[in-house]
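The data block below is final_18.txt; it holds compact mmCIF, C-alpha atoms.
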```
# COMPACT_ATOMS: atom_id res chain seq x y z
CA MET C 229 67.28 -187.89 -33.08
CA SER C 230 66.53 -191.55 -32.86
CA THR C 231 64.78 -192.79 -29.75
CA ARG C 232 65.63 -196.42 -30.45
CA LYS C 233 67.68 -198.11 -27.81
CA PRO C 234 68.92 -201.27 -29.47
CA TYR C 235 70.06 -204.06 -27.18
CA VAL C 236 73.82 -204.42 -27.17
CA ARG C 237 75.03 -207.64 -25.64
CA PRO C 238 77.36 -206.77 -22.74
CA MET C 239 80.96 -207.84 -23.34
CA ALA C 240 82.61 -207.39 -19.96
CA GLY C 241 84.22 -210.54 -18.66
CA TRP C 242 83.25 -212.73 -21.64
CA TRP C 243 86.68 -214.30 -21.69
CA LEU C 244 86.38 -215.57 -18.11
CA LYS C 245 83.66 -218.00 -19.16
CA ASN C 246 85.88 -220.57 -20.85
CA PRO C 247 89.48 -221.71 -20.16
CA VAL C 248 90.23 -221.51 -23.90
CA TYR C 249 89.23 -217.83 -23.91
CA ILE C 250 91.31 -217.19 -20.77
CA ARG C 251 94.40 -218.70 -22.44
CA TYR C 252 93.70 -216.63 -25.55
CA ILE C 253 93.49 -213.37 -23.57
CA LEU C 254 96.59 -214.39 -21.58
CA ARG C 255 98.45 -214.92 -24.87
CA GLU C 256 97.34 -211.58 -26.28
CA SER C 257 98.20 -209.83 -22.98
CA THR C 258 101.86 -210.82 -23.36
CA ALA C 259 101.98 -208.02 -25.96
CA VAL C 260 101.68 -205.43 -23.16
CA PHE C 261 104.82 -206.74 -21.40
CA VAL C 262 106.68 -207.18 -24.69
CA GLY C 263 105.87 -203.57 -25.60
CA ILE C 264 106.91 -202.16 -22.20
CA TYR C 265 110.17 -204.13 -22.22
CA ALA C 266 110.98 -202.95 -25.76
CA VAL C 267 110.41 -199.35 -24.58
CA ILE C 268 112.72 -200.00 -21.57
CA LEU C 269 115.39 -201.22 -24.03
CA LEU C 270 114.78 -198.15 -26.21
CA ILE C 271 115.26 -195.87 -23.17
CA GLY C 272 118.45 -197.83 -22.45
CA LEU C 273 119.68 -197.10 -25.97
CA ILE C 274 118.85 -193.39 -25.54
CA ARG C 275 120.86 -193.37 -22.28
CA LEU C 276 123.71 -195.33 -23.87
CA SER C 277 123.95 -192.78 -26.68
CA SER C 278 124.08 -189.95 -24.09
CA GLY C 279 127.23 -191.23 -22.38
CA GLU C 280 128.50 -193.28 -19.47
CA ALA C 281 126.78 -191.38 -16.62
CA ALA C 282 123.37 -191.63 -18.31
CA TRP C 283 123.89 -195.36 -19.01
CA ASN C 284 124.84 -196.02 -15.38
CA GLY C 285 121.66 -194.20 -14.34
CA TRP C 286 119.65 -196.65 -16.47
CA LEU C 287 121.43 -199.60 -14.87
CA GLU C 288 120.66 -198.12 -11.44
CA ALA C 289 116.95 -197.74 -12.34
CA MET C 290 116.88 -201.42 -13.31
CA ARG C 291 117.86 -202.31 -9.72
CA GLY C 292 114.66 -200.91 -8.18
CA PRO C 293 112.38 -203.52 -6.59
CA GLY C 294 109.50 -202.48 -8.86
CA ALA C 295 111.71 -202.91 -11.92
CA ILE C 296 112.84 -206.37 -10.84
CA LEU C 297 109.25 -207.42 -10.10
CA PHE C 298 108.17 -206.17 -13.53
CA HIS C 299 110.96 -208.10 -15.26
CA CYS C 300 110.04 -211.32 -13.44
CA VAL C 301 106.46 -210.99 -14.75
CA ALA C 302 107.76 -209.94 -18.19
CA LEU C 303 110.00 -213.03 -18.29
CA GLY C 304 106.95 -215.21 -17.68
CA ALA C 305 105.06 -213.33 -20.42
CA ALA C 306 107.94 -213.72 -22.90
CA VAL C 307 108.19 -217.45 -22.20
CA TYR C 308 104.41 -217.83 -22.55
CA HIS C 309 104.59 -215.91 -25.83
CA ALA C 310 107.30 -218.31 -27.05
CA ILE C 311 105.28 -221.42 -26.08
CA THR C 312 102.13 -220.16 -27.81
CA TRP C 313 104.13 -218.90 -30.82
CA PHE C 314 105.75 -222.30 -31.36
CA ALA C 315 102.33 -223.96 -31.10
CA VAL C 316 100.72 -221.69 -33.70
CA ALA C 317 103.58 -221.12 -36.17
CA PRO C 318 103.35 -224.53 -37.93
CA LYS C 319 99.63 -223.95 -38.47
CA VAL C 320 100.06 -220.63 -40.28
CA MET C 321 103.16 -221.59 -42.26
CA PRO C 322 102.98 -223.53 -45.55
CA PRO C 323 103.37 -227.30 -44.93
CA LEU C 324 106.92 -228.63 -44.81
CA TYR C 325 107.75 -231.83 -46.71
CA PHE C 326 110.51 -234.32 -45.96
CA LYS C 327 111.07 -237.19 -48.43
CA GLY C 328 107.69 -236.48 -49.97
CA GLU C 329 105.86 -236.70 -46.67
CA LYS C 330 104.33 -233.88 -44.72
CA VAL C 331 106.27 -233.24 -41.50
CA PRO C 332 103.81 -233.79 -38.61
CA LEU C 333 102.80 -230.82 -36.45
CA GLU C 334 104.31 -232.23 -33.23
CA LYS C 335 107.73 -232.60 -34.85
CA LEU C 336 107.63 -228.98 -36.06
CA VAL C 337 106.74 -227.81 -32.53
CA THR C 338 109.52 -229.92 -30.97
CA GLY C 339 111.95 -228.66 -33.61
CA GLN C 340 111.22 -225.07 -32.63
CA TYR C 341 111.84 -225.87 -28.93
CA ILE C 342 115.22 -227.38 -29.82
CA LEU C 343 116.09 -224.39 -32.02
CA ALA C 344 115.01 -221.96 -29.28
CA GLY C 345 117.10 -223.84 -26.68
CA VAL C 346 120.17 -223.63 -28.93
CA ILE C 347 119.65 -219.91 -29.64
CA TYR C 348 119.11 -219.13 -25.92
CA LEU C 349 122.36 -220.92 -25.03
CA VAL C 350 124.30 -219.18 -27.82
CA LEU C 351 122.95 -215.77 -26.73
CA LEU C 352 123.75 -216.47 -23.07
CA GLY C 353 127.23 -217.61 -24.04
CA LEU C 354 127.87 -214.48 -26.13
CA ILE C 355 126.48 -212.16 -23.44
CA LEU C 356 128.29 -213.78 -20.50
CA TRP C 357 131.57 -215.04 -21.93
CA SER C 358 132.47 -213.20 -25.13
CA MET U 11 91.70 -197.10 -58.48
CA HIS U 12 92.04 -200.20 -56.39
CA LYS U 13 92.89 -199.38 -52.79
CA ARG U 14 95.61 -201.62 -51.47
CA SER U 15 95.62 -202.76 -47.86
CA ASN U 16 98.63 -202.07 -45.62
CA GLU U 17 97.82 -205.27 -43.70
CA PRO U 18 100.59 -207.43 -45.31
CA ILE U 19 103.28 -204.92 -44.26
CA VAL U 20 102.05 -204.69 -40.67
CA TRP U 21 101.54 -208.45 -40.50
CA SER U 22 105.08 -209.13 -41.77
CA LEU U 23 106.53 -206.86 -39.08
CA PHE U 24 104.23 -208.54 -36.51
CA GLY U 25 105.37 -211.98 -37.61
CA ALA U 26 109.06 -211.05 -37.63
CA GLY U 27 108.62 -209.42 -34.22
CA GLY U 28 106.93 -212.52 -32.84
CA VAL U 29 109.87 -214.65 -33.96
CA VAL U 30 112.40 -212.24 -32.41
CA VAL U 31 110.45 -212.18 -29.12
CA ALA U 32 110.08 -215.97 -28.97
CA TYR U 33 113.72 -216.77 -29.78
CA SER U 34 115.54 -214.02 -27.87
CA MET U 35 113.53 -211.88 -25.47
CA PRO U 36 113.49 -214.32 -22.50
CA VAL U 37 117.31 -214.21 -22.47
CA PHE U 38 117.47 -210.40 -22.62
CA ILE U 39 114.87 -209.96 -19.86
CA LEU U 40 116.72 -212.49 -17.69
CA ILE U 41 120.07 -210.70 -18.11
CA THR U 42 119.11 -206.99 -18.10
CA GLY U 43 116.10 -207.19 -15.80
CA ILE U 44 116.91 -209.90 -13.26
CA ALA U 45 120.46 -211.37 -13.29
CA ALA U 46 122.44 -208.14 -13.71
CA PRO U 47 120.37 -205.98 -11.27
CA LEU U 48 120.49 -208.70 -8.60
CA GLY U 49 124.23 -209.17 -9.05
CA ILE U 50 123.89 -212.80 -10.20
CA VAL U 51 126.15 -211.95 -13.15
CA SER U 52 129.14 -209.59 -13.14
CA VAL U 53 128.56 -205.83 -13.58
CA ASP U 54 131.03 -206.04 -16.49
CA VAL U 55 128.38 -207.83 -18.57
CA LEU U 56 126.44 -204.57 -19.05
CA ALA U 57 129.38 -202.19 -18.65
CA TYR U 58 129.21 -198.93 -20.64
CA ASP U 59 132.40 -199.56 -22.64
CA ARG U 60 131.24 -203.01 -23.71
CA LEU U 61 127.76 -201.90 -24.83
CA ALA U 62 128.99 -198.68 -26.46
CA GLY U 63 131.61 -200.73 -28.31
CA PHE U 64 128.91 -203.16 -29.45
CA ALA U 65 126.70 -200.30 -30.70
CA ALA U 66 129.67 -198.83 -32.59
CA GLY U 67 129.92 -201.78 -34.98
CA TRP U 68 127.49 -202.35 -37.86
CA PHE U 69 126.48 -205.79 -36.56
CA GLY U 70 125.72 -204.35 -33.12
CA LYS U 71 123.66 -201.55 -34.65
CA LEU U 72 121.58 -203.97 -36.72
CA PHE U 73 121.18 -206.33 -33.75
CA LEU U 74 120.00 -203.59 -31.38
CA LEU U 75 117.62 -202.13 -33.98
CA VAL U 76 116.07 -205.57 -34.57
CA ILE U 77 115.57 -206.41 -30.87
CA ILE U 78 114.02 -203.00 -30.08
CA SER U 79 111.95 -202.25 -33.17
CA LEU U 80 110.44 -205.59 -34.20
CA PRO U 81 109.01 -206.47 -30.74
CA LEU U 82 107.31 -203.04 -30.75
CA TRP U 83 105.57 -203.84 -34.06
CA GLN U 84 104.55 -207.25 -32.72
CA SER U 85 103.18 -205.65 -29.57
CA ALA U 86 101.39 -202.80 -31.36
CA HIS U 87 99.63 -205.10 -33.83
CA ARG U 88 98.53 -207.52 -31.12
CA MET U 89 97.21 -204.70 -28.93
CA PHE U 90 95.36 -203.21 -31.89
CA LEU U 91 93.59 -206.51 -32.58
CA SER U 92 92.79 -206.93 -28.86
CA LEU U 93 90.79 -203.68 -28.74
CA HIS U 94 87.96 -205.51 -30.48
CA ASP U 95 88.06 -208.29 -27.85
CA PHE U 96 87.45 -205.77 -25.10
CA GLY U 97 84.50 -204.17 -26.83
CA VAL U 98 86.25 -201.10 -28.24
CA THR U 99 84.44 -200.61 -31.52
CA GLY U 100 85.11 -197.03 -32.64
CA GLY U 101 88.25 -195.03 -33.24
CA GLU U 102 90.01 -197.53 -35.49
CA VAL U 103 92.00 -194.84 -37.30
CA PHE U 104 92.93 -193.19 -34.00
CA PHE U 105 94.26 -196.43 -32.50
CA ARG U 106 96.10 -197.33 -35.70
CA VAL U 107 97.86 -193.96 -35.64
CA VAL U 108 98.72 -194.21 -31.93
CA LEU U 109 99.91 -197.85 -31.87
CA TYR U 110 101.60 -198.16 -35.27
CA GLY U 111 102.87 -194.59 -34.86
CA ALA U 112 104.55 -195.62 -31.59
CA ALA U 113 106.14 -198.63 -33.31
CA LEU U 114 107.33 -196.43 -36.19
CA TRP U 115 108.79 -193.96 -33.67
CA GLY U 116 110.45 -196.93 -31.93
CA THR U 117 112.05 -197.83 -35.27
CA LEU U 118 113.17 -194.42 -36.53
CA LEU U 119 114.54 -193.13 -33.19
CA PRO U 120 116.88 -196.12 -32.57
CA LEU U 121 117.89 -196.00 -36.24
CA TYR U 122 118.84 -192.34 -35.86
CA LEU U 123 120.63 -192.90 -32.53
CA LEU U 124 122.53 -195.95 -33.75
CA ILE U 125 123.75 -194.21 -36.90
CA GLY U 126 125.27 -191.53 -34.67
CA MET U 127 126.94 -193.97 -32.24
```
Step by step, read the file and then write its structure as structure tokens.
Amino acid sequence: MSTRKPYVRPMAGWWLKNPVYIRYILRESTAVFVGIYAVILLIGLIRLSSGEAAWNGWLEAMRGPGAILFHCVALGAAVYHAITWFAVAPKVMPPLYFKGEKVPLEKLVTGQYILAGVIYLVLLGLILWS
Amino acid sequence: MHKRSNEPIVWSLFGAGGVVVAYSMPVFILITGIAAPLGIVSVDVLAYDRLAGFAAGWFGKLFLLVIISLPLWQSAHRMFLSLHDFGVTGGEVFFRVVLYGAALWGTLLPLYLLIGM
């Protein structure tokens, strides 16, 4: 049995020391809300496959104040995920060329916002009016 | 024998999931979690017949599988990497099994349900 007690630098709260670290942890934390929401959708699918009464029970559960509060926070998390995703994506993808010139980072980020806006509107249109 | 990493597979699912979340999840959360429960949109939007009809077609099945499964892979991979940030050093195999296992379960179960719908 070793009697050595090596010093281990404490890690608690390290990310509170710098705004960059806080934004990083905030970005990674969106995964928790994404995961919970995906499980809520999965439960919805289970209920849907069990018939109309079960599905209506799921819809009823979604009306609880706790559920609505959760979804408001989850919406913020999903939007924050999107913003950070669009900022990082051009940096991890191979460079895009247009007329022999590298497309600048800002244009790629803006392009993703435009694409996302179009897709959101199409989805809303299909969900609400189709 | 060279041992191959499973990282590219998990990362591909993470990347695809991140795209799905960024380009669609805000809309789904807004409709199912806020607008429909608060009565801002009609109850017909999420009516049983409409959703069951959607899940009966092959496009609906694929769509629902994608929006449930891929976000789970994205979430699982991100949470796995975050363990290190919060000082969790041991149990890597355990956490891989739990997190990626949950995402795999969240892929196979909807697949099975949707095939039967």
Quiz item: Using all atoms listed in the file, which chain C residues lie at most 8 Å away from chain U, written as a PyMOL selection string?
Solution: chain C and resi 239-240+256-257+259-260+262-263+265-267+269-270+273-274+276-277+280+283-284+287-288+290-291+295-296+299-300+302-303+306-307+309-311+313+344+347-348+351-352+355-356
Quiz item: What is the CA of Tyr235 (chain C) to CA of Ile250 (chain C) distance in Å?
Solution: 25.8 Å
Exercise. Figure out the distance between CA of Gly70 (chain U) and CA of Tyr110 (chain U), please, to one decimal in Å.
Key: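 Separation of CA of Tyr110 (chain U) and CA of Gly70 (chain U): 25.0 Å.
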Practice problem: Tell me, in Å to one decimal, how far CA of Thr312 (chain C) is from CA of Arg255 (chain C). | Solution: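 About the pair CA of Thr312 (chain C) and CA of Arg255 (chain C): they are 7.0 Å apart.
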Around region 266-274 of chain C, fit a box with edges along x, y and z, padding it by 6 Å on each side, then list its centre and edge lengths in Å to one decimal as JSON.
```
{"center_x": 115.0, "center_y": -198.2, "center_z": -23.9, "size_x": 21.3, "size_y": 21.6, "size_z": 16.6}
```
